[in-house]
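Okay, coords.txt now, which holds compact mmCIF, C-alpha atoms and all ligand atoms:
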```txt
# COMPACT_ATOMS: atom_id res chain seq x y z
CA MET A 1 108.35 87.03 103.71
CA CYS A 2 106.57 85.10 106.42
CA TYR A 3 106.23 86.39 109.95
CA ARG A 4 109.48 86.16 111.90
CA ALA A 5 108.55 85.20 115.43
CA ARG A 6 110.23 87.08 118.26
CA ALA A 7 111.60 85.16 121.23
CA VAL A 8 108.57 84.02 123.21
CA ALA A 9 108.08 81.70 126.17
CA VAL A 10 107.40 78.75 123.87
CA PRO A 11 110.05 78.65 121.15
CA SER A 12 108.53 79.12 117.72
CA ARG A 13 108.63 76.28 115.19
CA GLU A 14 110.54 77.35 112.15
CA ASN A 15 109.63 74.32 110.13
CA ILE A 16 106.10 75.20 109.01
CA ARG A 17 106.21 75.48 105.26
CA LEU A 18 103.62 77.75 103.67
CA TYR A 19 102.89 77.14 100.00
CA GLU A 20 101.69 80.34 98.43
CA LEU A 21 100.83 81.86 95.08
CA VAL A 22 103.26 84.31 93.52
CA LEU A 23 102.97 86.76 90.66
CA GLU A 24 105.59 87.56 88.04
CA ASN A 25 107.24 90.07 90.39
CA GLY A 26 107.42 87.48 93.19
CA ILE A 27 104.76 89.10 95.34
CA SER A 28 102.53 86.74 97.35
CA ALA A 29 99.05 87.49 96.11
CA SER A 30 96.27 85.16 97.17
CA PRO A 31 93.57 86.46 99.51
CA TYR A 32 93.37 82.99 101.06
CA VAL A 33 97.11 82.68 101.60
CA TRP A 34 97.01 86.04 103.33
CA ARG A 35 94.46 84.73 105.81
CA THR A 36 96.91 82.02 106.71
CA ARG A 37 99.88 84.39 106.87
CA PHE A 38 97.99 86.55 109.38
CA ALA A 39 96.80 83.48 111.29
CA LEU A 40 100.35 82.15 111.66
CA ALA A 41 101.58 85.56 112.80
CA HIS A 42 98.67 85.85 115.28
CA LYS A 43 99.79 82.59 116.83
CA GLY A 44 103.43 83.70 116.81
CA LEU A 45 104.41 80.92 114.43
CA ALA A 46 107.17 81.57 111.93
CA CYS A 47 107.09 79.87 108.55
CA GLN A 48 109.10 79.27 105.43
CA PRO A 49 107.31 80.45 102.30
CA VAL A 50 107.31 78.15 99.28
CA PRO A 51 106.36 80.19 96.20
CA LEU A 52 104.32 78.55 93.43
CA GLY A 53 102.76 79.82 90.22
CA PHE A 54 99.17 78.91 89.31
CA THR A 55 100.31 76.07 87.06
CA GLU A 56 102.66 74.54 89.65
CA ILE A 57 100.16 73.97 92.45
CA ALA A 58 98.59 70.66 91.45
CA ALA A 59 101.97 69.12 90.54
CA ALA A 60 103.50 70.21 93.86
CA PHE A 61 100.95 68.00 95.64
CA SER A 62 100.71 65.21 93.05
CA GLY A 63 97.23 66.41 92.09
CA GLU A 64 95.95 65.78 95.63
CA LEU A 65 95.51 69.50 96.42
CA ARG A 66 94.76 72.10 93.77
CA THR A 67 94.68 75.39 95.66
CA VAL A 68 96.86 77.29 98.09
CA PRO A 69 97.36 77.96 100.94
CA VAL A 70 98.80 74.62 101.97
CA ILE A 71 100.96 74.20 105.04
CA GLU A 72 103.32 71.40 105.98
CA ASP A 73 104.10 71.09 109.65
CA GLY A 74 106.33 68.10 110.30
CA GLU A 75 104.42 65.11 108.97
CA GLU A 76 101.16 67.04 108.61
CA ARG A 77 100.03 68.56 105.34
CA VAL A 78 96.92 70.75 105.46
CA GLY A 79 95.19 72.56 102.59
CA ASP A 80 92.36 75.16 102.64
CA SER A 81 92.61 78.29 104.76
CA TRP A 82 89.79 77.29 107.13
CA HIS A 83 91.19 73.80 107.63
CA ILE A 84 94.56 75.41 108.35
CA ALA A 85 93.02 77.77 110.93
CA ASP A 86 91.31 74.77 112.58
CA TYR A 87 94.57 72.79 112.52
CA LEU A 88 96.59 75.64 114.07
CA GLU A 89 94.07 76.03 116.90
CA ARG A 90 94.13 72.27 117.57
CA ARG A 91 97.87 71.83 117.25
CA TYR A 92 98.96 74.96 119.14
CA PRO A 93 96.40 75.45 121.94
CA ALA A 94 98.91 77.24 124.18
CA ARG A 95 99.45 79.99 121.68
CA PRO A 96 97.12 82.99 121.24
CA ALA A 97 93.73 81.68 120.10
CA LEU A 98 92.40 82.70 116.69
CA PHE A 99 88.86 82.32 118.04
CA SER A 100 87.78 82.99 121.62
CA GLY A 101 85.18 80.21 121.37
CA SER A 102 82.69 78.42 119.18
CA ALA A 103 80.32 81.43 119.03
CA GLU A 104 83.02 83.72 117.63
CA TYR A 105 84.07 80.97 115.22
CA ALA A 106 80.48 80.65 113.94
CA MET A 107 80.12 84.42 113.52
CA VAL A 108 83.39 84.73 111.61
CA ARG A 109 82.26 81.93 109.29
CA LEU A 110 79.08 83.90 108.69
CA PHE A 111 81.18 87.02 108.04
CA ASP A 112 83.26 85.02 105.55
CA ALA A 113 80.14 83.89 103.70
CA TRP A 114 78.89 87.48 103.49
CA PHE A 115 82.32 88.86 102.54
CA SER A 116 82.87 86.26 99.81
CA ALA A 117 79.45 86.82 98.25
CA GLU A 118 79.31 90.60 98.50
CA ILE A 119 82.94 91.77 98.37
CA LEU A 120 85.30 89.12 96.97
CA ARG A 121 82.94 88.36 94.11
CA ARG A 122 82.85 92.06 93.12
CA MET A 123 86.61 92.43 93.51
CA PHE A 124 87.15 89.43 91.26
CA ARG A 125 85.00 90.97 88.51
CA ILE A 126 86.92 94.26 88.72
CA TYR A 127 90.46 92.88 89.01
CA VAL A 128 90.42 89.63 87.04
CA LEU A 129 92.34 91.09 84.08
CA ASP A 130 94.84 92.80 86.40
CA ILE A 131 95.51 89.44 88.06
CA HIS A 132 96.05 87.84 84.67
CA ASN A 133 98.49 90.57 83.61
CA ALA A 134 100.42 90.39 86.88
CA ALA A 135 100.64 86.57 86.87
CA ARG A 136 103.81 84.84 85.70
CA PRO A 137 103.72 84.67 81.87
CA ALA A 138 103.74 80.85 82.06
CA ASP A 139 100.56 80.94 84.16
CA ARG A 140 98.58 83.39 82.06
CA PRO A 141 97.04 80.98 79.51
CA TYR A 142 95.83 78.69 82.32
CA PHE A 143 94.52 81.63 84.32
CA ARG A 144 92.64 83.02 81.30
CA LYS A 145 91.10 79.67 80.38
CA SER A 146 90.02 78.77 83.92
CA ARG A 147 88.67 82.22 84.79
CA GLU A 148 86.87 82.73 81.49
CA ALA A 149 85.17 79.38 82.12
CA ARG A 150 84.15 80.69 85.56
CA LEU A 151 82.82 83.83 83.83
CA ASN A 152 80.59 81.66 81.60
CA GLY A 153 82.79 82.17 78.58
CA THR A 154 83.06 85.97 78.78
CA SER A 155 86.59 87.14 78.01
CA LEU A 156 88.61 88.77 80.78
CA GLU A 157 88.68 91.97 78.75
CA ALA A 158 84.89 92.04 78.30
CA SER A 159 84.39 91.23 81.99
CA VAL A 160 86.27 94.31 83.12
CA ALA A 161 85.17 96.67 80.34
CA ASP A 162 82.60 98.41 82.58
CA ARG A 163 84.57 98.09 85.79
CA VAL A 164 84.84 101.82 86.51
CA SER A 165 81.06 102.00 86.67
CA ARG A 166 81.06 99.03 89.06
CA LEU A 167 83.42 100.62 91.62
CA PRO A 168 80.64 102.55 93.43
CA GLU A 169 78.79 99.27 93.96
CA LEU A 170 81.88 97.72 95.59
CA ARG A 171 82.38 100.80 97.76
CA ASP A 172 78.74 100.74 98.89
CA ALA A 173 78.92 97.04 99.65
CA LEU A 174 81.70 97.84 102.14
CA ASN A 175 79.39 100.06 104.24
CA PRO A 176 78.84 97.44 106.97
CA LEU A 177 82.61 97.43 107.61
CA ARG A 178 82.69 101.24 107.85
CA ALA A 179 79.75 101.27 110.28
CA HIS A 180 81.30 98.53 112.41
CA LEU A 181 84.73 100.19 112.50
CA GLU A 182 83.20 103.29 114.09
CA ARG A 183 83.00 101.18 117.24
CA GLY A 184 86.64 100.09 117.42
CA PRO A 185 89.95 99.94 115.58
CA PHE A 186 89.45 96.41 114.23
CA LEU A 187 86.56 94.28 113.05
CA GLY A 188 87.37 92.09 116.05
CA GLY A 189 87.04 95.10 118.39
CA ALA A 190 90.07 96.34 120.33
CA SER A 191 92.32 93.78 118.64
CA PRO A 192 92.22 92.05 115.27
CA ASN A 193 90.53 88.70 114.79
CA TYR A 194 90.13 86.32 111.86
CA ALA A 195 87.42 88.56 110.33
CA ASP A 196 90.06 91.29 110.04
CA TYR A 197 92.53 88.83 108.55
CA LEU A 198 90.22 87.60 105.83
CA ALA A 199 89.13 91.12 104.86
CA LEU A 200 92.67 92.51 105.03
CA GLY A 201 93.82 89.56 102.92
CA ALA A 202 91.39 90.56 100.17
CA PHE A 203 92.66 94.14 100.11
CA ARG A 204 96.26 92.89 100.17
CA TRP A 205 95.44 90.82 97.08
CA VAL A 206 93.88 93.82 95.33
CA ALA A 207 96.85 96.03 96.26
CA SER A 208 99.17 93.48 94.62
CA VAL A 209 97.58 93.74 91.19
CA SER A 210 95.34 96.77 90.97
CA THR A 211 95.53 99.25 88.11
CA ILE A 212 92.45 101.05 89.49
CA PRO A 213 92.28 101.76 93.24
CA PRO A 214 89.17 100.31 94.90
CA LEU A 215 88.55 103.13 97.41
CA ALA A 216 88.16 106.90 97.29
CA GLN A 217 90.54 109.23 99.14
CA GLY A 218 89.30 109.93 102.66
CA ASP A 219 87.52 106.58 102.98
CA PRO A 220 87.49 105.70 106.70
CA LEU A 221 88.45 102.13 105.77
CA LEU A 222 91.93 103.40 104.91
CA ALA A 223 92.88 103.93 108.57
CA TRP A 224 91.89 100.33 109.35
CA LEU A 225 93.86 99.10 106.32
CA GLU A 226 96.94 101.03 107.50
CA ARG A 227 96.60 99.49 110.96
CA GLY A 228 96.06 96.06 109.47
CA PHE A 229 99.01 96.15 107.09
CA ASP A 230 101.18 97.34 110.01
CA LEU A 231 100.29 94.33 112.16
CA TYR A 232 103.03 91.91 113.15
CA GLY A 233 105.90 94.17 112.23
CA GLY A 234 104.36 95.33 108.94
CA LEU A 235 103.69 91.79 107.71
CA ALA A 236 101.51 92.97 104.79
CA ARG A 237 103.74 95.87 103.79
CA ASP A 238 105.55 95.72 100.46
CA ALA A 239 106.97 98.64 98.50
CA ARG A 240 105.54 97.11 95.30
CA LEU A 241 101.91 97.40 96.44
CA LYS A 242 99.61 99.69 94.49
CA PRO A 243 97.59 102.44 96.21
CA LEU A 244 94.20 101.39 97.59
CA ALA A 245 92.67 104.86 97.16
CA GLN A 246 92.62 107.41 94.38
N1 LIG B 1 88.68 77.60 99.85
C1 LIG B 1 90.10 77.73 99.56
C2 LIG B 1 90.28 78.60 98.36
C3 LIG B 1 91.74 78.72 97.98
C4 LIG B 1 91.92 79.28 96.56
O1 LIG B 1 90.96 79.38 95.78
N2 LIG B 1 93.17 79.59 96.22
C5 LIG B 1 93.48 80.06 94.89
C6 LIG B 1 94.43 81.24 94.95
S1 LIG B 1 93.58 82.68 95.44
C7 LIG B 1 94.22 78.97 94.14
O2 LIG B 1 95.05 78.29 94.70
N3 LIG B 1 93.90 78.79 92.85
C8 LIG B 1 94.56 77.82 92.04
C9 LIG B 1 93.97 77.77 90.67
O3 LIG B 1 93.25 78.67 90.30
O4 LIG B 1 94.31 76.84 89.96
C10 LIG B 1 90.81 78.26 100.80
O5 LIG B 1 90.16 78.94 101.62
O6 LIG B 1 92.01 77.97 100.98
```
Take the structure I supplied and represent it as structure tokens, if you would.
Amino acid sequence: MCYRARAVAVPSRENIRLYELVLENGISASPYVWRTRFALAHKGLACQPVPLGFTEIAAAFSGELRTVPVIEDGEERVGDSWHIADYLERRYPARPALFSGSAEYAMVRLFDAWFSAEILRRMFRIYVLDIHNAARPADRPYFRKSREARLNGTSLEASVADRVSRLPELRDALNPLRAHLERGPFLGGASPNYADYLALGAFRWVASVSTIPPLAQGDPLLAWLERGFDLYGGLARDARLKPLAQ
């Protein structure tokens, strides 16, 4: 489900198509697609989701684009979550801004670089087999081959064999978020910004596939995750999600 825009002063465009990645159970489960879902909702833009499996992406765009998210807005086709955020800001300047200015934009890009290196990378190593097992059966051989190549030939099973012992490292790496969230309800302060969206998107991805919750009960991040998943009418809520704490 994409965000359903309420009646606002400027009528929402219903014709933005959002190409996304779906698992066997139909759940939308890419951390990058979730950035775009939140970004569209932030701007009050409704969209039509177009579900694709891993092996359908390249063919859907005649090999021109190989990853999702991709949006189509009238004649425009835009791939890559950052390019999409830039496009939405440029194309819909009258709608709520994703970035208050170039300084915030630069800082969120820095946050993304840190988050990708320190958090996403660790999540990938812990959940790569869960993603494989949750993917559509037709996508699993491709997923295995491409991800094992990324893991320098290590099998998915061997990559996750010690994952329980790697959970504390992931939890510790999240300390900067905990410290920052003592100062306000969102990473963006009083209201969410794109830093929240990219971090929430990663947890939404984990919650779609996880067979081992990433956080411990009582983790202060859980309150922020609840708030984040509730945004925009519960955009990130789905009864099929797995618990994020044990
Ligand atoms: N830098 C890209 C990354 C997008 C990305 O890696 N998407 C993954 C899904 S999480 C994908 O489409 N993978 C296709 C594949 O593995 O073939 C963005 O921000 O949009």
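The shell of residues at most 7 Å from range 149-160 of chain A, with only C-alpha atoms counted and near chain neighbours (fewer than 6 positions) removed, consists of Arg125, Ile126, Val128 and Leu129 of chain A.
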Expected file contents, prior selection, C-alpha atoms, as a tab-separated table (two decimals), in the frame of the given file:
```tsv
chain	number	residue	atom	x	y	z
A	125	ARG	CA	85.00	90.97	88.51
A	126	ILE	CA	86.92	94.26	88.72
A	128	VAL	CA	90.42	89.63	87.04
A	129	LEU	CA	92.34	91.09	84.08
```
Give me, as a PyMOL selection string, all polymer residues having an atom no more than 12 Å from Pro243 in chain A, counting only C-alpha atoms and skipping those fewer than 3 positions away in the same chain. chain A and resi 203-217+222+225-226+237-240+246
So which residues touch range 112-117 of chain A within 12 Å, counting only C-alpha atoms, skipping near sequence neighbours fewer than 6 positions away, as a list in words? Pro31, Tyr32, Arg35, Ser81, Trp82, Tyr105, Ala106, Met123, Phe124, Arg125, Leu170, Ala173, Leu174, Asn175, Pro176, Leu177, Tyr194, Ala195, Asp196, Tyr197, Leu198, Ala199, Leu200, Gly201, Ala202 and Phe203 of chain A
If the box runs along x, y and z of the file and leaves 8 Å on each side of ligand LIG 1 (chain B), what are its centre and edge lengths in Å, one decimal, as AutoDock Vina command-line options?
```
--center_x 91.9 --center_y 79.8 --center_z 95.8 --size_x 22.4 --size_y 21.8 --size_z 27.7
```
Please, which residues in chain A fall within 9 Å of ligand LIG 1 (chain B) when counting only C-alpha atoms and all ligand atoms, and what is the closest atom pair and distance in Å to one decimal for each, ordered by chain then residue number, as a Markdown table?
```
| residue | atom | partner | partner_atom | distance |
| --- | --- | --- | --- | --- |
| A:Glu20 | CA | B:LIG1 | O2 | 7.9 |
| A:Leu21 | CA | B:LIG1 | C6 | 6.4 |
| A:Ala29 | CA | B:LIG1 | S1 | 7.3 |
| A:Ser30 | CA | B:LIG1 | S1 | 4.0 |
| A:Pro31 | CA | B:LIG1 | S1 | 5.6 |
| A:Tyr32 | CA | B:LIG1 | O5 | 5.2 |
| A:Val33 | CA | B:LIG1 | O6 | 7.0 |
| A:Arg35 | CA | B:LIG1 | O5 | 8.3 |
| A:Thr36 | CA | B:LIG1 | O6 | 8.6 |
| A:Gly53 | CA | B:LIG1 | C8 | 8.6 |
| A:Phe54 | CA | B:LIG1 | O4 | 5.3 |
| A:Thr55 | CA | B:LIG1 | O4 | 6.7 |
| A:Glu56 | CA | B:LIG1 | O4 | 8.7 |
| A:Ile57 | CA | B:LIG1 | C8 | 6.8 |
| A:Ala58 | CA | B:LIG1 | O4 | 7.7 |
| A:Leu65 | CA | B:LIG1 | O2 | 9.0 |
| A:Arg66 | CA | B:LIG1 | C8 | 6.0 |
| A:Thr67 | CA | B:LIG1 | O2 | 3.1 |
| A:Val68 | CA | B:LIG1 | O2 | 4.0 |
| A:Pro69 | CA | B:LIG1 | O6 | 5.4 |
| A:Val70 | CA | B:LIG1 | O6 | 7.6 |
| A:Gly79 | CA | B:LIG1 | O6 | 6.5 |
| A:Asp80 | CA | B:LIG1 | O6 | 3.3 |
| A:Ser81 | CA | B:LIG1 | O6 | 3.8 |
| A:Trp82 | CA | B:LIG1 | O5 | 5.8 |
| A:His83 | CA | B:LIG1 | O6 | 7.9 |
| A:Ile84 | CA | B:LIG1 | O6 | 8.2 |
| A:Tyr142 | CA | B:LIG1 | O4 | 8.0 |
| A:Phe143 | CA | B:LIG1 | O3 | 6.8 |
| A:Ser146 | CA | B:LIG1 | O3 | 7.2 |
| A:Arg147 | CA | B:LIG1 | O3 | 8.0 |
| A:Trp205 | CA | B:LIG1 | S1 | 8.5 |
```
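Between Ala41 in chain A and the residues A:Arg183, A:Arg163, A:Arg90, A:Arg95, the shortest atom-to-atom distance, using all atoms listed in the file, involves A:Arg95.
Nearest residue to His180 in chain A, choosing from A:Ala97, A:Leu167, A:Ile16, A:Leu221 and counting only C-alpha atoms: A:Leu221.
With all atoms listed in the file as the atoms that count, the residue of A:Phe229, A:Phe61, A:Phe38, A:Phe111 with the shortest distance to Leu98 in chain A is A:Phe38.
One finds CA of Pro49 in chain A at 5.9 Å from CA of Arg17 in chain A.
Distances from A:Trp34, A:Leu235, A:Glu24, A:Tyr19 to Val50 in chain A were compared using only C-alpha atoms, and the smallest one belongs to A:Tyr19.
Taking CA of Cys2 in chain A and CA of Ser100 in chain A as the two end points, the separation is 24.3 Å.
Of the listed residues A:Ala94, A:Ala85, A:Ala223, A:Leu23, the one whose atoms come nearest to Arg109 in chain A is A:Ala85, with distances taken using only C-alpha atoms.
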What gap, in Å, lies between CA of Pro192 in chain A and CA of Glu104 in chain A? 12.6 Å
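Excluding Leu181 in chain A and any residue on its chain fewer than 6 positions from it, the residues at most 9 Å away by only C-alpha atoms are Leu187, Gly189, Pro220, Leu221 and Trp224 of chain A.
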Set the distance at 8 Å and use only C-alpha atoms: which residues neighbour Ala135 in chain A once local chain neighbours fewer than 2 positions away are removed? I'd like the list as a PDB file with C-alpha atoms, in the coordinates of the input.
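Contents of around_32.pdb, freshly written:
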```pdb
ATOM      1  CA  VAL A  22     103.260  84.310  93.520  1.00  0.00           C
ATOM      2  CA  LEU A  23     102.970  86.760  90.660  1.00  0.00           C
ATOM      3  CA  GLU A  24     105.590  87.560  88.040  1.00  0.00           C
ATOM      4  CA  GLY A  53     102.760  79.820  90.220  1.00  0.00           C
ATOM      5  CA  ILE A 131      95.510  89.440  88.060  1.00  0.00           C
ATOM      6  CA  HIS A 132      96.050  87.840  84.670  1.00  0.00           C
ATOM      7  CA  ASN A 133      98.490  90.570  83.610  1.00  0.00           C
ATOM      8  CA  PRO A 137     103.720  84.670  81.870  1.00  0.00           C
ATOM      9  CA  ASP A 139     100.560  80.940  84.160  1.00  0.00           C
ATOM     10  CA  ARG A 140      98.580  83.390  82.060  1.00  0.00           C
TER      11      ARG A 140
END
```
